[in-house]
>>> print(open('my_file_37.cif').read())   # mmCIF, C-alpha atoms
data_run
loop_
_atom_site.label_atom_id
_atom_site.label_comp_id
_atom_site.auth_asym_id
_atom_site.auth_seq_id
_atom_site.Cartn_x
_atom_site.Cartn_y
_atom_site.Cartn_z
CA MET A 978 100.01 76.23 106.36
CA ALA A 979 96.33 75.38 106.22
CA ASP A 980 95.40 72.59 103.86
CA THR A 981 93.34 74.68 101.45
CA ASP A 982 93.12 75.47 97.74
CA MET A 983 95.08 78.65 98.23
CA ASN A 984 98.71 77.61 98.13
CA ALA A 985 101.65 79.21 99.88
CA GLN A 986 103.11 80.61 96.67
CA LEU A 987 99.88 82.47 95.93
CA ILE A 988 99.74 83.92 99.42
CA GLU A 989 103.35 85.07 99.18
CA HIS A 990 102.43 87.03 96.05
CA MET A 991 99.59 88.65 98.02
CA MET A 992 101.79 89.45 101.01
CA GLU A 993 104.59 90.89 98.93
CA PRO A 994 103.76 91.39 95.26
CA LYS A 995 106.90 91.15 93.15
CA ASN A 996 107.93 94.03 90.85
CA TYR A 997 105.20 96.38 92.05
CA GLY A 998 105.52 100.09 91.25
CA ILE A 999 106.86 102.27 88.43
CA LEU A 1000 110.46 102.09 87.19
CA GLU A 1001 112.24 105.43 87.42
CA ASP A 1002 114.24 104.78 84.23
CA PHE A 1003 111.77 102.83 82.11
CA ASN A 1004 112.03 103.11 78.32
CA SER A 1005 108.74 101.51 77.43
CA GLN A 1006 105.32 101.38 79.01
CA GLY A 1007 101.98 99.74 78.24
CA VAL A 1008 98.50 99.71 79.70
CA GLY A 1009 95.88 96.97 79.96
CA LYS A 1010 92.45 98.32 80.74
CA ASN A 1011 88.98 97.11 81.63
CA PRO A 1012 86.61 99.59 79.93
CA ASP A 1013 83.66 98.42 82.05
CA ASN A 1014 84.95 99.41 85.46
CA GLY A 1015 88.07 101.55 85.00
CA GLU A 1016 90.44 98.91 86.37
CA LYS A 1017 93.81 98.96 84.71
CA VAL A 1018 97.38 97.68 84.82
CA VAL A 1019 100.43 99.72 83.82
CA ILE A 1020 103.63 97.84 82.98
CA SER A 1021 106.95 99.68 82.74
CA LEU A 1022 109.92 98.05 81.04
CA LYS A 1023 113.61 98.79 81.06
CA ILE A 1024 114.80 97.16 77.85
CA THR A 1025 118.53 96.56 77.85
CA GLU A 1026 121.01 94.75 75.61
CA SER A 1027 122.37 91.31 76.45
CA ASN A 1028 124.73 89.63 73.97
CA GLY A 1029 123.54 92.09 71.34
CA GLU A 1030 119.88 91.19 71.90
CA PRO A 1031 117.24 93.34 73.59
CA VAL A 1032 116.02 91.84 76.87
CA ILE A 1033 113.69 92.92 79.66
CA GLY A 1034 116.34 94.13 82.05
CA ASP A 1035 113.81 95.27 84.60
CA ILE A 1036 110.01 95.41 84.89
CA ARG A 1037 107.38 96.88 87.19
CA PHE A 1038 103.62 96.86 87.24
CA GLN A 1039 101.03 98.96 88.98
CA ALA A 1040 97.37 98.05 89.23
CA ILE A 1041 94.06 99.67 89.92
CA GLY A 1042 92.23 96.44 90.46
CA CYS A 1043 91.55 93.50 92.70
CA MET A 1044 93.91 91.08 94.44
CA THR A 1045 93.64 88.60 91.54
CA THR A 1046 95.07 91.28 89.24
CA VAL A 1047 97.89 91.96 91.68
CA VAL A 1048 98.77 88.27 91.97
CA ALA A 1049 98.67 87.86 88.16
CA GLY A 1050 100.88 90.94 87.79
CA SER A 1051 103.34 89.62 90.33
CA ILE A 1052 103.59 86.20 88.64
CA ILE A 1053 103.69 87.39 85.02
CA THR A 1054 106.26 90.16 85.61
CA GLU A 1055 108.45 87.72 87.52
CA GLU A 1056 108.26 85.35 84.54
CA ALA A 1057 108.98 88.16 82.06
CA LYS A 1058 112.03 89.58 83.83
CA GLY A 1059 115.20 88.78 81.89
CA LEU A 1060 113.39 87.41 78.82
CA GLY A 1061 114.31 88.42 75.29
CA ILE A 1062 111.60 90.29 73.36
CA ALA A 1063 110.53 87.24 71.31
CA ARG A 1064 110.27 85.10 74.45
CA ALA A 1065 108.26 87.82 76.18
CA TYR A 1066 105.77 87.84 73.28
CA GLU A 1067 105.55 84.06 73.64
CA LEU A 1068 104.76 84.51 77.33
CA VAL A 1069 101.88 86.81 76.39
CA ASP A 1070 100.60 84.29 73.77
CA THR A 1071 100.85 81.35 76.15
CA THR A 1072 99.01 83.26 78.87
CA MET A 1073 96.23 84.25 76.48
CA ARG A 1074 95.89 80.65 75.24
CA ILE A 1075 95.57 79.37 78.82
CA LEU A 1076 92.94 82.01 79.52
CA GLY A 1077 90.92 80.71 76.58
CA GLY A 1078 89.85 77.77 78.76
CA VAL A 1079 89.08 79.81 81.85
CA PRO A 1080 85.65 81.31 82.71
CA PRO A 1081 85.57 84.99 81.60
CA GLN A 1082 85.11 86.40 85.11
CA ASP A 1083 88.24 84.54 86.24
CA ALA A 1084 90.23 85.38 83.11
CA ALA A 1085 89.66 89.13 82.95
CA CYS A 1086 92.20 90.18 85.59
CA THR A 1087 95.02 88.06 84.15
CA GLU A 1088 94.13 89.14 80.61
CA MET A 1089 94.54 92.75 81.73
CA VAL A 1090 98.10 92.01 82.90
CA ALA A 1091 99.02 90.04 79.75
CA LEU A 1092 97.67 92.83 77.53
CA ALA A 1093 99.62 95.44 79.50
CA LEU A 1094 102.80 93.45 78.84
CA GLN A 1095 101.92 93.12 75.16
CA ALA A 1096 101.22 96.87 75.02
CA ALA A 1097 104.60 97.63 76.62
CA LEU A 1098 106.38 95.34 74.14
CA ASP A 1099 104.49 96.91 71.21
CA THR A 1100 105.34 100.38 72.50
CA HIS A 1101 108.99 99.35 72.52
CA GLU A 1102 108.72 98.19 68.91
CA ALA A 1103 106.93 101.40 67.86
CA ARG A 1104 109.58 103.55 69.51
CA LYS A 1105 112.23 102.07 67.23
CA GLU A 1106 110.61 104.15 64.48
CA ASP A 1107 109.40 107.03 66.64
CA PRO A 1108 111.11 107.50 70.01
CA ASP A 1109 108.22 109.70 71.19
CA TYR A 1110 105.55 107.11 70.46
CA PRO A 1111 103.05 107.22 73.36
CA ALA A 1112 102.44 104.25 75.65
CA ILE A 1113 99.96 101.88 74.01
CA THR A 1114 96.73 100.86 75.77
CA TYR A 1115 94.80 97.65 75.05
CA GLN A 1116 91.36 96.86 76.38
CA ILE A 1117 90.36 93.45 77.69
CA THR A 1118 87.71 91.40 75.90
CA GLN A 1119 86.69 89.28 78.90
CA SER A 1120 83.98 90.49 81.25
CA CYS A 1121 84.99 90.86 84.89
CA THR A 1122 81.71 90.32 86.66
CA PRO A 1123 82.03 90.07 90.43
CA LYS A 1124 81.35 86.47 91.37
CA GLU A 1125 79.99 84.89 94.50
CA GLU A 1126 82.84 83.80 96.75
CA GLY A 1127 81.03 80.60 97.65
CA ILE A 1128 81.08 81.21 101.36
CA MET B 1410 111.15 118.14 101.17
CA LYS B 1411 109.77 115.41 98.90
CA THR B 1412 112.50 113.02 100.04
CA LEU B 1413 111.63 113.79 103.65
CA ALA B 1414 107.94 113.08 103.01
CA ILE B 1415 108.78 109.73 101.39
CA MET B 1416 111.06 108.74 104.26
CA VAL B 1417 108.42 109.63 106.87
CA HIS B 1418 105.72 107.80 104.86
CA GLU B 1419 107.87 104.64 104.84
CA ALA B 1420 108.73 104.97 108.55
CA TRP B 1421 105.03 105.40 109.37
CA LEU B 1422 104.08 102.16 107.56
CA SER B 1423 107.06 100.27 108.91
CA THR B 1424 106.17 101.23 112.49
CA LEU B 1425 102.53 100.35 111.92
CA ALA B 1426 103.61 96.92 110.63
CA ALA B 1427 105.80 96.43 113.71
CA GLY B 1428 102.70 97.19 115.79
CA PHE B 1429 100.83 94.42 113.99
CA MET B 1430 103.71 92.01 114.66
CA SER B 1431 103.93 92.69 118.37
CA GLN B 1432 101.81 90.55 120.67
CA THR B 1433 102.80 92.34 123.87
CA GLN B 1434 102.31 95.73 125.49
CA SER B 1435 104.70 97.14 122.87
CA LYS B 1436 101.86 96.95 120.32
CA GLN B 1437 100.07 100.08 121.57
CA ARG B 1438 103.35 101.99 121.85
CA LEU B 1439 104.17 101.15 118.23
CA PHE B 1440 100.68 102.13 117.08
CA ASP B 1441 101.03 105.46 118.93
CA PHE B 1442 104.39 106.10 117.27
CA SER B 1443 103.04 105.22 113.84
CA ASP B 1444 100.21 107.71 114.44
CA ILE B 1445 102.76 110.39 115.31
CA LEU B 1446 104.74 109.63 112.15
CA PHE B 1447 101.54 109.87 110.11
CA ARG B 1448 100.92 113.32 111.60
CA HIS B 1449 104.50 114.32 110.72
CA PHE B 1450 103.78 113.15 107.18
CA CYS B 1451 100.64 115.32 107.03
CA TRP B 1452 102.45 118.37 108.38
CA ILE B 1453 105.30 117.98 105.89
CA GLU B 1454 102.69 117.67 103.15
CA GLY B 1455 101.15 120.94 104.39
CA ILE B 1456 104.49 122.73 104.06
CA MET B 1457 104.97 121.37 100.54
CA ILE B 1458 101.54 122.71 99.57
CA GLU B 1459 102.29 126.10 101.22
CA GLU B 1460 105.54 126.32 99.32
CA GLY B 1461 103.98 125.23 96.03
CA GLU B 1462 106.16 122.13 95.76
CA SER B 1463 104.69 119.39 93.59
CA TYR B 1464 104.56 116.00 95.29
CA ASN B 1465 102.83 112.65 95.33
CA TYR B 1466 102.52 109.66 97.65
CA ASP B 1467 105.06 107.47 95.82
CA ARG B 1468 107.41 105.46 98.00
CA ASP B 1469 109.64 102.42 97.85
CA SER B 1470 108.42 98.95 98.75
CA ILE B 1471 108.97 98.28 102.44
CA PRO B 1472 110.47 94.93 103.42
CA ILE B 1473 108.99 93.87 106.75
CA LYS B 1474 109.45 90.10 106.84
CA VAL B 1475 111.43 89.40 110.01
CA GLU B 1476 111.63 86.58 112.53
CA ARG B 1477 112.36 88.80 115.54
CA LEU B 1478 110.73 92.12 116.43
CA SER B 1479 114.14 93.55 117.35
CA VAL B 1480 115.16 93.37 113.68
CA ILE B 1481 112.37 95.64 112.45
CA LEU B 1482 112.78 97.90 115.50
CA GLN B 1483 116.44 98.41 114.54
CA ASN B 1484 115.36 99.10 110.98
CA ILE B 1485 112.86 101.71 112.19
CA ILE B 1486 115.53 103.36 114.36
CA GLN B 1487 117.76 103.59 111.28
CA ARG B 1488 114.91 105.11 109.31
CA LEU B 1489 114.34 107.68 112.08
CA ASN B 1490 118.07 108.50 112.13
CA GLN B 1491 117.97 109.15 108.39
CA ILE B 1492 114.88 111.35 108.76
CA ASP B 1493 116.64 113.31 111.49
CA LEU B 1494 119.60 113.92 109.17
CA GLN B 1495 117.23 115.01 106.41
CA LEU B 1496 115.59 117.51 108.82
CA ILE B 1497 118.83 119.50 108.97
CA GLY B 1498 117.89 121.05 105.64
CA LEU B 1499 114.37 121.93 106.78
CA ASN B 1500 114.23 125.63 107.59
CA HIS B 1501 110.94 125.50 109.48
CA THR B 1502 109.87 125.40 113.14
CA LEU B 1503 108.34 121.99 112.42
CA GLY B 1504 111.86 120.59 112.05
CA SER B 1505 112.73 120.90 115.75
CA ARG B 1506 109.37 119.45 116.78
CA ILE B 1507 109.78 116.40 114.54
CA SER B 1508 113.40 115.97 115.60
CA SER B 1509 112.40 116.03 119.27
CA ASP B 1510 109.72 113.37 118.62
CA LEU B 1511 112.22 111.20 116.73
CA HIS B 1512 114.76 111.47 119.52
CA TYR B 1513 112.24 110.20 122.09
CA MET B 1514 110.91 107.46 119.82
CA ARG B 1515 114.40 106.14 119.11
CA GLU B 1516 115.10 105.94 122.84
CA VAL B 1517 111.91 104.01 123.51
CA LEU B 1518 112.24 101.69 120.48
CA ALA B 1519 115.79 100.77 121.49
CA HIS B 1520 114.51 99.46 124.82
CA LEU B 1521 111.37 97.59 123.73
CA PRO B 1522 111.60 93.88 124.57
CA ASP B 1523 112.36 91.49 121.73
CA GLU B 1524 109.63 89.10 120.55
CA LYS B 1525 109.42 86.15 118.21
CA VAL B 1526 107.37 87.26 115.20
CA GLU B 1527 104.60 84.91 114.05
CA ALA B 1528 103.06 87.28 111.51
CA PHE B 1529 104.50 85.60 108.40
CA GLY B 1530 103.96 81.89 109.10
CA MET B 1531 100.97 81.60 106.69
CA GLN B 1532 99.19 79.26 109.10
CA ARG B 1533 95.96 81.12 108.26
CA LYS B 1534 94.28 80.27 111.53
CA LEU B 1535 92.92 82.65 114.12
CA PRO B 1536 93.36 81.74 117.77
CA SER B 1537 90.36 79.71 119.04
CA VAL B 1538 88.57 79.94 115.68
CA LEU B 1539 88.07 76.94 113.42
CA LEU B 1540 86.99 77.94 109.91
CA SER B 1541 86.18 75.86 106.83
CA GLU B 1542 88.61 75.97 103.90
CA GLU B 1543 86.25 78.15 101.91
CA ALA B 1544 85.72 80.56 104.79
CA THR B 1545 89.48 80.71 105.40
CA ASP B 1546 90.13 81.54 101.73
CA ALA B 1547 87.37 84.14 101.70
CA LEU B 1548 88.70 85.73 104.89
CA THR B 1549 92.24 85.76 103.44
CA ILE B 1550 91.14 87.56 100.28
CA PHE B 1551 88.94 89.94 102.29
CA LEU B 1552 91.83 90.95 104.55
CA PHE B 1553 94.21 91.63 101.66
CA GLU B 1554 91.60 93.55 99.66
CA GLU B 1555 90.26 95.56 102.57
CA SER B 1556 93.58 96.40 104.25
CA TYR B 1557 94.71 97.90 100.92
CA LYS B 1558 91.37 99.65 100.56
CA GLU B 1559 91.63 101.25 104.02
CA TYR B 1560 95.18 102.45 103.31
CA GLU B 1561 94.00 103.79 99.97
CA LEU B 1562 91.11 105.63 101.65
CA ILE B 1563 93.43 107.16 104.24
CA LEU B 1564 95.59 108.55 101.43
CA ILE B 1565 92.62 109.73 99.36
CA TYR B 1566 90.89 111.57 102.22
CA ASN B 1567 94.21 112.90 103.44
CA TYR B 1568 95.03 114.29 100.00
CA LEU B 1569 91.54 115.78 99.64
CA GLN B 1570 91.79 117.34 103.08
CA ALA B 1571 95.25 118.76 102.40
CA HIS B 1572 93.98 120.46 99.26
CA SER B 1573 90.70 121.80 100.64
CA ASP B 1574 90.01 124.75 102.91
CA ASP B 1575 86.34 123.84 103.29
CA ALA B 1576 85.73 123.16 107.00
CA THR B 1577 82.58 121.09 106.44
CA LEU B 1578 84.17 118.75 103.92
CA ASN B 1579 87.40 118.52 105.92
CA LYS B 1580 85.48 117.50 109.05
CA THR B 1581 83.94 114.63 107.09
CA PHE B 1582 87.30 113.65 105.57
CA GLN B 1583 88.90 113.62 109.04
CA ILE B 1584 86.22 111.31 110.45
CA LEU B 1585 86.65 108.96 107.48
CA ILE B 1586 90.45 108.96 107.90
CA GLU B 1587 90.09 108.00 111.57
CA GLU B 1588 87.55 105.30 110.74
CA SER B 1589 89.85 103.85 108.06
CA PHE B 1590 92.74 103.83 110.51
CA PHE B 1591 90.64 101.84 112.95
CA HIS B 1592 89.66 99.32 110.27
CA LEU B 1593 93.24 99.07 108.96
CA LYS B 1594 94.52 98.32 112.46
CA GLN B 1595 91.82 95.70 113.02
CA PHE B 1596 92.51 93.97 109.69
CA GLY B 1597 96.29 94.25 110.05
CA ASP B 1598 96.14 92.67 113.50
CA MET B 1599 94.04 89.84 112.11
CA MET B 1600 96.47 89.32 109.20
CA ALA B 1601 99.38 89.13 111.64
CA GLN B 1602 97.49 86.57 113.75
CA MET B 1603 96.86 84.51 110.61
CA GLY B 1604 100.50 84.76 109.53
CA ILE B 1605 99.75 86.67 106.32
CA LEU B 1606 100.90 90.18 107.14
CA GLY B 1607 101.81 92.42 104.22
CA ILE B 1608 102.26 96.16 103.69
CA PRO B 1609 99.55 97.65 101.49
CA ARG B 1610 100.88 98.26 98.00
CA LEU B 1611 101.65 101.67 96.52
CA VAL B 1612 98.55 103.66 95.55
CA PRO B 1613 98.57 105.04 91.97
CA HIS B 1614 98.46 108.87 91.71
CA GLU B 1615 95.20 109.04 89.84
CA VAL B 1616 93.41 107.26 92.70
CA TYR B 1617 94.04 109.98 95.29
CA GLN B 1618 94.52 112.99 93.00
CA VAL B 1619 90.75 113.14 92.65
CA ALA B 1620 89.72 115.12 89.57
CA ASP B 1621 85.98 115.12 90.25
CA LEU B 1622 84.84 114.96 93.87
CA GLU B 1623 81.19 114.32 92.96
CA THR B 1624 82.07 111.24 90.88
CA PHE B 1625 84.48 110.06 93.55
CA LEU B 1626 81.87 110.31 96.33
CA LEU B 1627 79.24 108.52 94.24
CA ALA B 1628 81.69 105.69 93.48
CA GLY B 1629 82.78 105.67 97.12
CA ILE B 1630 79.20 105.17 98.32
CA ASP B 1631 78.89 102.17 95.99
CA GLU B 1632 82.19 100.77 97.28
CA GLU B 1633 81.02 101.12 100.88
CA LYS B 1634 77.86 99.23 99.98
CA ALA B 1635 79.98 96.50 98.38
CA ALA B 1636 82.15 96.35 101.51
CA LYS B 1637 79.00 95.94 103.62
CA GLU B 1638 77.98 92.99 101.47
CA GLU B 1639 81.42 91.40 101.86
CA CYS B 1640 81.17 91.81 105.63
CA ARG B 1641 77.69 90.30 105.63
CA LYS B 1642 78.84 87.26 103.65
CA LEU B 1643 81.88 86.76 105.86
CA SER B 1644 79.75 87.07 108.98
CA GLN B 1645 77.40 84.38 107.66
CA ALA B 1646 80.32 82.14 106.66
CA VAL B 1647 81.95 82.16 110.07
CA ALA B 1648 78.82 82.38 112.27
CA SER B 1649 78.50 78.65 112.95
CA ASN B 1650 82.18 78.25 113.90
CA SER B 1651 82.80 81.56 115.57
CA PRO B 1652 79.87 83.75 116.68
CA GLN B 1653 82.44 86.19 118.05
CA LEU B 1654 84.12 86.68 114.66
CA ALA B 1655 80.69 86.96 113.03
CA LYS B 1656 79.83 89.76 115.45
CA PHE B 1657 83.06 91.53 114.52
CA PHE B 1658 82.11 91.56 110.84
CA ASP B 1659 78.57 92.72 111.72
CA PHE B 1660 80.17 95.51 113.73
CA ILE B 1661 82.36 96.56 110.76
CA ASN B 1662 79.35 96.20 108.45
CA ASN B 1663 77.26 98.54 110.61
CA GLN B 1664 80.06 101.09 110.75
CA GLU B 1665 79.92 101.33 106.96
CA ASP B 1666 76.35 102.71 107.25
CA TYR B 1667 77.69 105.83 108.90
CA HIS B 1668 80.41 106.19 106.26
CA ILE B 1669 77.74 106.04 103.57
CA GLU B 1670 75.69 108.66 105.39
CA LEU B 1671 78.71 110.94 105.78
CA MET B 1672 79.58 110.59 102.10
CA LYS B 1673 75.97 111.28 101.06
CA ARG B 1674 75.96 114.43 103.19
CA ALA B 1675 79.32 115.50 101.77
CA LEU B 1676 77.96 114.88 98.27
CA ASP B 1677 74.81 116.96 98.89
CA TYR B 1678 76.86 119.73 100.48
CA TYR B 1679 79.38 119.76 97.63
CA LYS B 1680 76.70 119.74 94.93
CA ALA B 1681 74.81 122.59 96.62
CA LYS B 1682 78.04 124.56 96.94
CA GLN B 1683 78.97 123.95 93.32
CA HIS B 1684 75.57 124.75 91.87
CA GLY B 1685 74.19 127.21 94.41
#
>>> encode(input="my_file_37.cif", output="structure tokens")
Amino acid sequence: MADTDMNAQLIEHMMEPKNYGILEDFNSQGVGKNPDNGEKVVISLKITESNGEPVIGDIRFQAIGCMTTVVAGSIITEEAKGLGIARAYELVDTTMRILGGVPPQDAACTEMVALALQAALDTHEARKEDPDYPAITYQITQSCTPKEEGI
Amino acid sequence: MKTLAIMVHEAWLSTLAAGFMSQTQSKQRLFDFSDILFRHFCWIEGIMIEEGESYNYDRDSIPIKVERLSVILQNIIQRLNQIDLQLIGLNHTLGSRISSDLHYMREVLAHLPDEKVEAFGMQRKLPSVLLSEEATDALTIFLFEESYKEYELILIYNYLQAHSDDATLNKTFQILIEESFFHLKQFGDMMAQMGILGIPRLVPHEVYQVADLETFLLAGIDEEKAAKEECRKLSQAVASNSPQLAKFFDFINNQEDYHIELMKRALDYYKAKQHG
């Protein structure tokens, strides 16, 4: 492994993104979208019961976006898998708080993933009242301006 | 038929990945077989369109991380066996042609020499090339982004071609498919050498089920220009350490000019056809 900023864990997520695709038997879905360039992330959830509590039994994401979005999707969905609903909302909040200290162009891709997860969780909540409630879409607030790679 | 298409799609990518892993004369054989499987995929798609069967390019993720080439070769043989079984239900002359191809490929794959696979070691170094950390990171990102992009373009142009009977547009799409295959093979080989090989991820439906060709071509021209810029920056970054690698990225950069020209011509032709 080369001694560089890009660590092995990050490269593994690039080589084989975790939880990529669409679940065949999802029961909730949410979308995070960048209105400026059409990039988006779709998160599908299979909410199941564990000890009488709803948990994320399975999760997938699909992205129209850059490699940063894919890596963020791979990491966040891996973290979210198996969490209860309240813990999953906490994961979204924590991610958004961390992004508050990150330059907007770096934060936008991860924000898109976090908002897709929030949208999927909110869709799940809305479907308790209306099972046909459509998948919710949230738009990012950060600007994803292509940056110089510094090469 | 949809199941058959998915199985062939996965076998095509798996065989292509095995080609990237091989560092011997088997490489070309595996590339040739992956090309044949891609053609099978296109022909099956053609039948689905003829028969009015709805379909998409969805597929499962394809595990390819192996330490020995023989492991993935065995996996491909199993995939080909399963495809052959699936062909029994295909009431079409294409079935016997594909089955005959599969029979030969299985025979050859079973006798290819084993190799130690170095494509997943994450060493991120190219043979005889010493790059700075920044250049290595930039090259890493470039290869992941662009290998996906080339796969995506192959699927987009293939889908457009399958759904168009316009000879002029289809000629352009075919050239662009072949060009993307060349780039994908170049980038995939480089990823394997750097120990960062991965299968391109699944392409979302809306990306290749193009609703507006004019908008798609305009956006595509911009993307080609962006790709040129990435190639130019990479060429500059590696020039002092590896003039040979710099020339490679200049070569890819210059190829994009022709893609842009082809897409501009396709755009003009399509607009004239739509409005004239």
>>> resolve_selection(input="my_file_37.cif", expression="the PyMOL selection byres ((chain A and resi 1065) around 10)", output="ChimeraX atom specification")
/A:1032-1033,1053-1054,1056-1064,1066-1071,1094-1095,1098
>>> write_last_selection(input="my_file_37.cif", atoms="C-alpha atoms", output="PDB file, in the frame of the given file")
ATOM      1  CA  VAL A1032     116.020  91.840  76.870  1.00  0.00           C
ATOM      2  CA  ILE A1033     113.690  92.920  79.660  1.00  0.00           C
ATOM      3  CA  ILE A1053     103.690  87.390  85.020  1.00  0.00           C
ATOM      4  CA  THR A1054     106.260  90.160  85.610  1.00  0.00           C
ATOM      5  CA  GLU A1056     108.260  85.350  84.540  1.00  0.00           C
ATOM      6  CA  ALA A1057     108.980  88.160  82.060  1.00  0.00           C
ATOM      7  CA  LYS A1058     112.030  89.580  83.830  1.00  0.00           C
ATOM      8  CA  GLY A1059     115.200  88.780  81.890  1.00  0.00           C
ATOM      9  CA  LEU A1060     113.390  87.410  78.820  1.00  0.00           C
ATOM     10  CA  GLY A1061     114.310  88.420  75.290  1.00  0.00           C
ATOM     11  CA  ILE A1062     111.600  90.290  73.360  1.00  0.00           C
ATOM     12  CA  ALA A1063     110.530  87.240  71.310  1.00  0.00           C
ATOM     13  CA  ARG A1064     110.270  85.100  74.450  1.00  0.00           C
ATOM     14  CA  TYR A1066     105.770  87.840  73.280  1.00  0.00           C
ATOM     15  CA  GLU A1067     105.550  84.060  73.640  1.00  0.00           C
ATOM     16  CA  LEU A1068     104.760  84.510  77.330  1.00  0.00           C
ATOM     17  CA  VAL A1069     101.880  86.810  76.390  1.00  0.00           C
ATOM     18  CA  ASP A1070     100.600  84.290  73.770  1.00  0.00           C
ATOM     19  CA  THR A1071     100.850  81.350  76.150  1.00  0.00           C
ATOM     20  CA  LEU A1094     102.800  93.450  78.840  1.00  0.00           C
ATOM     21  CA  GLN A1095     101.920  93.120  75.160  1.00  0.00           C
ATOM     22  CA  LEU A1098     106.380  95.340  74.140  1.00  0.00           C
TER      23      LEU A1098
END
>>> closest_residue(input="my_file_37.cif", among="A:Met992, A:Ile1020, A:Thr1087, A:Tyr1110", to="Gly1597 of chain B", atoms="only C-alpha atoms")
A:Met992
>>> resolve_selection(input="my_file_37.cif", expression="the PyMOL selection byres ((chain B) within 9 of (chain A))", output="PyMOL selection string")
chain B and resi 1467-1470+1472+1529-1534+1542-1547+1549-1550+1553-1554+1605-1613+1616+1642-1643+1645-1647
>>> residues_around(input="my_file_37.cif", residues="His1512 of chain B", least_positions_apart="4", cutoff="9 Å", atoms="all atoms listed in the file", output="count of residues only")
7
>>> closest_residue(input="my_file_37.cif", among="A:Glu1055, A:Asp1109, A:Gly1050, A:Pro1081", to="Gly1009 of chain A", atoms="only C-alpha atoms")
A:Gly1050
>>> atom_distance(input="my_file_37.cif", atom1="atom CA of Asp1574 of chain B", atom2="atom CA of Ile1415 of chain B")
24.1 Å
>>> atom_distance(input="my_file_37.cif", atom1="atom CA of Ile1669 of chain B", atom2="atom CA of Ile1630 of chain B")
5.5 Å
>>> atom_distance(input="my_file_37.cif", atom1="atom CA of Thr1433 of chain B", atom2="atom CA of Pro1522 of chain B")
9.0 Å
>>> residues_around(input="my_file_37.cif", residues="segment 1476-1488 of chain B", least_positions_apart="4", cutoff="7 Å", atoms="all atoms listed in the file", output="number ranges by chain")
B: 1420, 1423-1424, 1427, 1492, 1515, 1518, 1523-1526
>>> build_atoms(input="my_file_37.cif", residues="segment 1532-1542 of chain B", atoms="N, CA, C and O atoms", output="PDB file, in the frame of the given file")
ATOM      1  N   GLN B1532     100.007  80.341 108.540  1.00  0.00           N
ATOM      2  CA  GLN B1532      99.190  79.260 109.100  1.00  0.00           C
ATOM      3  C   GLN B1532      97.691  79.487 108.831  1.00  0.00           C
ATOM      4  O   GLN B1532      96.903  78.570 108.832  1.00  0.00           O
ATOM      5  N   ARG B1533      97.328  80.723 108.599  1.00  0.00           N
ATOM      6  CA  ARG B1533      95.960  81.120 108.260  1.00  0.00           C
ATOM      7  C   ARG B1533      94.908  80.545 109.229  1.00  0.00           C
ATOM      8  O   ARG B1533      93.891  80.006 108.834  1.00  0.00           O
ATOM      9  N   LYS B1534      95.231  80.668 110.491  1.00  0.00           N
ATOM     10  CA  LYS B1534      94.280  80.270 111.530  1.00  0.00           C
ATOM     11  C   LYS B1534      94.247  81.357 112.580  1.00  0.00           C
ATOM     12  O   LYS B1534      95.308  81.865 112.965  1.00  0.00           O
ATOM     13  N   LEU B1535      93.040  81.687 113.028  1.00  0.00           N
ATOM     14  CA  LEU B1535      92.920  82.650 114.120  1.00  0.00           C
ATOM     15  C   LEU B1535      92.843  81.877 115.433  1.00  0.00           C
ATOM     16  O   LEU B1535      92.275  80.777 115.472  1.00  0.00           O
ATOM     17  N   PRO B1536      93.416  82.434 116.484  1.00  0.00           N
ATOM     18  CA  PRO B1536      93.360  81.740 117.770  1.00  0.00           C
ATOM     19  C   PRO B1536      91.921  81.408 118.172  1.00  0.00           C
ATOM     20  O   PRO B1536      91.038  82.266 118.093  1.00  0.00           O
ATOM     21  N   SER B1537      91.676  80.175 118.544  1.00  0.00           N
ATOM     22  CA  SER B1537      90.360  79.710 119.040  1.00  0.00           C
ATOM     23  C   SER B1537      89.251  79.794 117.999  1.00  0.00           C
ATOM     24  O   SER B1537      88.072  79.842 118.339  1.00  0.00           O
ATOM     25  N   VAL B1538      89.595  79.887 116.720  1.00  0.00           N
ATOM     26  CA  VAL B1538      88.570  79.940 115.680  1.00  0.00           C
ATOM     27  C   VAL B1538      88.867  78.857 114.648  1.00  0.00           C
ATOM     28  O   VAL B1538      89.964  78.821 114.087  1.00  0.00           O
ATOM     29  N   LEU B1539      87.891  77.988 114.412  1.00  0.00           N
ATOM     30  CA  LEU B1539      88.070  76.940 113.420  1.00  0.00           C
ATOM     31  C   LEU B1539      87.169  77.247 112.227  1.00  0.00           C
ATOM     32  O   LEU B1539      85.938  77.216 112.363  1.00  0.00           O
ATOM     33  N   LEU B1540      87.773  77.583 111.088  1.00  0.00           N
ATOM     34  CA  LEU B1540      86.990  77.940 109.910  1.00  0.00           C
ATOM     35  C   LEU B1540      87.120  76.869 108.838  1.00  0.00           C
ATOM     36  O   LEU B1540      88.143  76.170 108.773  1.00  0.00           O
ATOM     37  N   SER B1541      86.103  76.776 107.976  1.00  0.00           N
ATOM     38  CA  SER B1541      86.180  75.860 106.830  1.00  0.00           C
ATOM     39  C   SER B1541      87.237  76.395 105.857  1.00  0.00           C
ATOM     40  O   SER B1541      87.650  77.552 105.942  1.00  0.00           O
ATOM     41  N   GLU B1542      87.641  75.543 104.923  1.00  0.00           N
ATOM     42  CA  GLU B1542      88.610  75.970 103.900  1.00  0.00           C
ATOM     43  C   GLU B1542      88.083  77.163 103.119  1.00  0.00           C
ATOM     44  O   GLU B1542      88.806  78.136 102.887  1.00  0.00           O
TER      45      GLU B1542
END
